[in-house]
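The block underneath contains the structure these notes are about, expressed in structure tokens.
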Amino acid sequence: MITIQSENFSMAQICASGQNFRMEECGDNRYCLVALGRYLEAVQEGSSISFDCSPEEFDSVWKTYFDLETDYAAIISGIDQTDKYLTAAAEYGKGIRILRQDLWEVIVSFLISQQNNIKRIRRCIRLLCENYGEKRTSQKGVAYFDFPTPYSLAKAQVEDLYACGLGYRSRYLYETANSVVHDEINLDKLWELDYDAAKKELVKLCGIGTKVADCICLCALHKTDAFPKDTHINKVLSAQYPDGFPFEKYGQNSGILQQYLFYYHLMVR
DNA sequence: CATCAGGCGAGAC
DNA sequence: GTCTCGCCTGAT
């Protein structure tokens, strides 16, 4: 068990921001997560967060995963104060962090997310994990399924993926998993590229368009200049930024601000 | 019963 | 390059 203090960290907000579909509230102020092949529970009360793992695991895995070494308060204070909407959105969602997630898991998760709702996305991913992921047990005896590897998913037939509830996305995942297994794309090489180059590679995959590629750039590759434009953000942009969002002003922080705008619109409307 | 959900691919032009 | 259309399926 290790406890930290942070004003700009909220498990509830990270959970609800929907970057990760395998994180959920599993009790009073308690959150459960499967990521990077590990199972983690955390309890948050105010600015105090207790992670149920050793200090060594926290330092080597979760500190990075939750992006705890980035100063989000500094990013928020860099917001143009005359932009009342963005200021309000950032204040509202200041506990959000841009997670540093597993690349393959994010590719699959956001591929499934298109034209889909959160509840169903979670169900799809759960079924994929149960059917194709490795079953493991945490140190404290909690059973969980790791996220399936590209090799494991490439063994599935399109109809097997239909059975997991993917619908028309089944063919997309089938094609994408096979592209990775057959080395038509090298995922490790994506880390060496900048945002534009990485996005260009990602959209070559079947079922990955500009929006999903941006989500992957932001939520896995941590390209914080990526600014995914989904249905919620498009509504915000047309209502609040008829002349366009000031990307030139925010540069590398645009993607983080996108999360505040997205979350604010999602929760408040 | 219609519409929508954190879009995308294919085809037309 | 830009535009339109159809798409699995559960929730509302």
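Each chain in the structure tokens gets a letter, A, B, ..., in the order shown, and its residues are numbered from 1; ligands are numbered from 1 in order too.
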Against region 6-9 of chain B, which residues of region 83-160 of chain A fall within 12 Å? For each one I want the closest pair of atoms and the distance in Å (one decimal), counting only C-alpha atoms (C1' of nucleotides), rows by chain and increasing residue number, as CSV.
```
residue,atom,partner,partner_atom,distance
A:Ser109,CA,B:DG6,C1',11.1
A:Phe110,CA,B:DG6,C1',8.5
A:Leu111,CA,B:DG7,C1',9.1
A:Ile112,CA,B:DG7,C1',10.1
A:Ser113,CA,B:DG6,C1',6.5
A:Gln114,CA,B:DG7,C1',5.0
A:Gln115,CA,B:DG7,C1',5.9
A:Asn116,CA,B:DG6,C1',7.6
A:Asn117,CA,B:DG6,C1',7.7
A:Ile118,CA,B:DG6,C1',8.2
A:Lys119,CA,B:DG6,C1',11.9
A:Ile121,CA,B:DG6,C1',10.3
```
Dump as a PDB file, in the first residue's frame, selection limited to C-alpha atoms:
```pdb
ATOM      1  CA  SER A 109     -10.387  -0.446 -27.605  1.00  0.00           C
ATOM      2  CA  PHE A 110     -10.843   2.647 -29.738  1.00  0.00           C
ATOM      3  CA  LEU A 111     -11.358   0.628 -32.894  1.00  0.00           C
ATOM      4  CA  ILE A 112     -14.332  -0.916 -31.097  1.00  0.00           C
ATOM      5  CA  SER A 113     -15.504   2.439 -29.736  1.00  0.00           C
ATOM      6  CA  GLN A 114     -16.614   3.847 -33.106  1.00  0.00           C
ATOM      7  CA  GLN A 115     -20.385   4.424 -33.398  1.00  0.00           C
ATOM      8  CA  ASN A 116     -20.735   2.631 -30.099  1.00  0.00           C
ATOM      9  CA  ASN A 117     -21.752   3.371 -26.535  1.00  0.00           C
ATOM     10  CA  ILE A 118     -19.624   3.004 -23.434  1.00  0.00           C
ATOM     11  CA  LYS A 119     -21.616   0.190 -21.904  1.00  0.00           C
ATOM     12  CA  ILE A 121     -17.740  -1.090 -25.568  1.00  0.00           C
TER      13      ILE A 121
END
```
Checklist entry - What are the residues of chain C that have an atom within 7 Å of an atom of chain A, counting only C-alpha atoms (C1' of nucleotides), as number ranges by chain? => result C: 7-9
Checklist entry - Which residues, written as a ChimeraX atom specification, have at least one atom at most 12 Å from DT4 (chain C), with only C-alpha atoms (C1' of nucleotides) counted and residues fewer than 5 positions away on the same chain left out? => result /B:10-13
Keeping only C-alpha atoms (C1' of nucleotides), write the selected residues as a CSV table (one decimal), in the first residue's frame.
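Below is the file selection38.csv, written as the result:
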```csv
chain,number,residue,atom,x,y,z
B,10,DA,C1',-16.2,2.1,-50.2
B,11,DG,C1',-17.7,4.2,-54.1
B,12,DA,C1',-19.2,8.4,-56.8
B,13,DC,C1',-17.8,12.7,-58.5
```
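Counting only C-alpha atoms and comparing A:Val142, A:Ile256, A:Ala156, A:Leu103, the residue that lies closest to Leu187 (chain A) is A:Leu103.
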Checklist entry - Could you pull out the strand (DSSP E or B) residues of region 68-194 of chain A from DSSP and send them as a list in words? => result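 Strand (DSSP E or B) assignments inside region 68-194 of chain A correspond to Lys135, Arg136, Thr137, Ala143, Tyr144 and Phe145 of chain A.
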Restricting it to C-alpha atoms, dump the selection as a PDB file, in the first residue's frame.
```pdb
ATOM      1  CA  LYS A 135      -6.216 -15.683 -17.015  1.00  0.00           C
ATOM      2  CA  ARG A 136      -4.194 -14.514 -14.059  1.00  0.00           C
ATOM      3  CA  THR A 137      -4.489 -14.072 -10.315  1.00  0.00           C
ATOM      4  CA  ALA A 143      -8.736 -13.398 -10.731  1.00  0.00           C
ATOM      5  CA  TYR A 144      -8.577 -11.302 -13.878  1.00  0.00           C
ATOM      6  CA  PHE A 145      -7.952 -11.578 -17.598  1.00  0.00           C
TER       7      PHE A 145
END
```
Item to check | 12 Å contact set for DT12 (chain C), only C-alpha atoms (C1' of nucleotides), chain neighbours under 3 positions out, as a ChimeraX atom specification | outcome: /A:117 /B:1-5
Item to check | alpha helix (DSSP H) per DSSP on the backbone: members of region 55-198 of chain A, as a ChimeraX atom specification | outcome: /A:55-57,63-65,72-77,84-92,103-113,118-132,150-154,158-163,169-181,195-198
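CA of Val34 (chain A) sits 7.2 Å away from CA of Asp146 (chain A).
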Checklist entry - If we count only C-alpha atoms (C1' of nucleotides), what is near region 243-247 of chain A at a cut-off of 12 Å, once residues fewer than 3 positions away on the same chain are taken out, given as an NGL selection string? => result :A and (79-80 or 83 or 85-86 or 224-227 or 229 or 233-234 or 236-240 or 250-258 or 261)
Checklist entry - At what distance in Å, to one decimal, does CA of Ile125 (chain A) lie from CA of Asn186 (chain A)? => result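 The value is 23.0 Å.
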Checklist entry - Neighbours of region 174-185 of chain A within 7 Å (only C-alpha atoms (C1' of nucleotides); same-chain residues fewer than 3 positions away dropped), as a VMD selection string? => result chain A and resid 150 to 151 153 to 154 158 170 to 171 205 to 206
I need the chosen residues saved as a compact mmCIF listing (two decimals), in the first residue's frame, with N, CA and C atoms.
```txt
# COMPACT_ATOMS: atom_id res chain seq x y z
N PRO A 150 -1.97 -9.40 -29.90
CA PRO A 150 -2.33 -9.44 -31.32
C PRO A 150 -2.34 -10.88 -31.84
N TYR A 151 -1.41 -11.69 -31.35
CA TYR A 151 -1.31 -13.08 -31.83
C TYR A 151 -2.52 -13.88 -31.42
N LEU A 153 -5.52 -12.65 -30.71
CA LEU A 153 -6.71 -12.15 -31.40
C LEU A 153 -6.70 -12.52 -32.88
N ALA A 154 -5.50 -12.65 -33.45
CA ALA A 154 -5.41 -12.98 -34.88
C ALA A 154 -5.90 -14.41 -35.14
N VAL A 158 -13.65 -14.05 -37.99
CA VAL A 158 -14.54 -12.90 -37.96
C VAL A 158 -15.83 -13.23 -37.19
N SER A 170 -16.09 -6.29 -36.36
CA SER A 170 -15.40 -7.59 -36.30
C SER A 170 -14.37 -7.72 -37.41
N ARG A 171 -14.76 -7.37 -38.63
CA ARG A 171 -13.83 -7.47 -39.75
C ARG A 171 -12.65 -6.52 -39.57
N LEU A 205 -4.22 1.09 -40.86
CA LEU A 205 -4.88 -0.09 -40.31
C LEU A 205 -6.38 -0.04 -40.61
N CYS A 206 -6.94 -1.21 -40.85
CA CYS A 206 -8.37 -1.30 -41.16
C CYS A 206 -9.20 -0.94 -39.93
```
Checklist entry - What does the distance between CA of His265 (chain A) and CA of Asp230 (chain A) come to in Å, to one decimal place? => result 11.6 Å
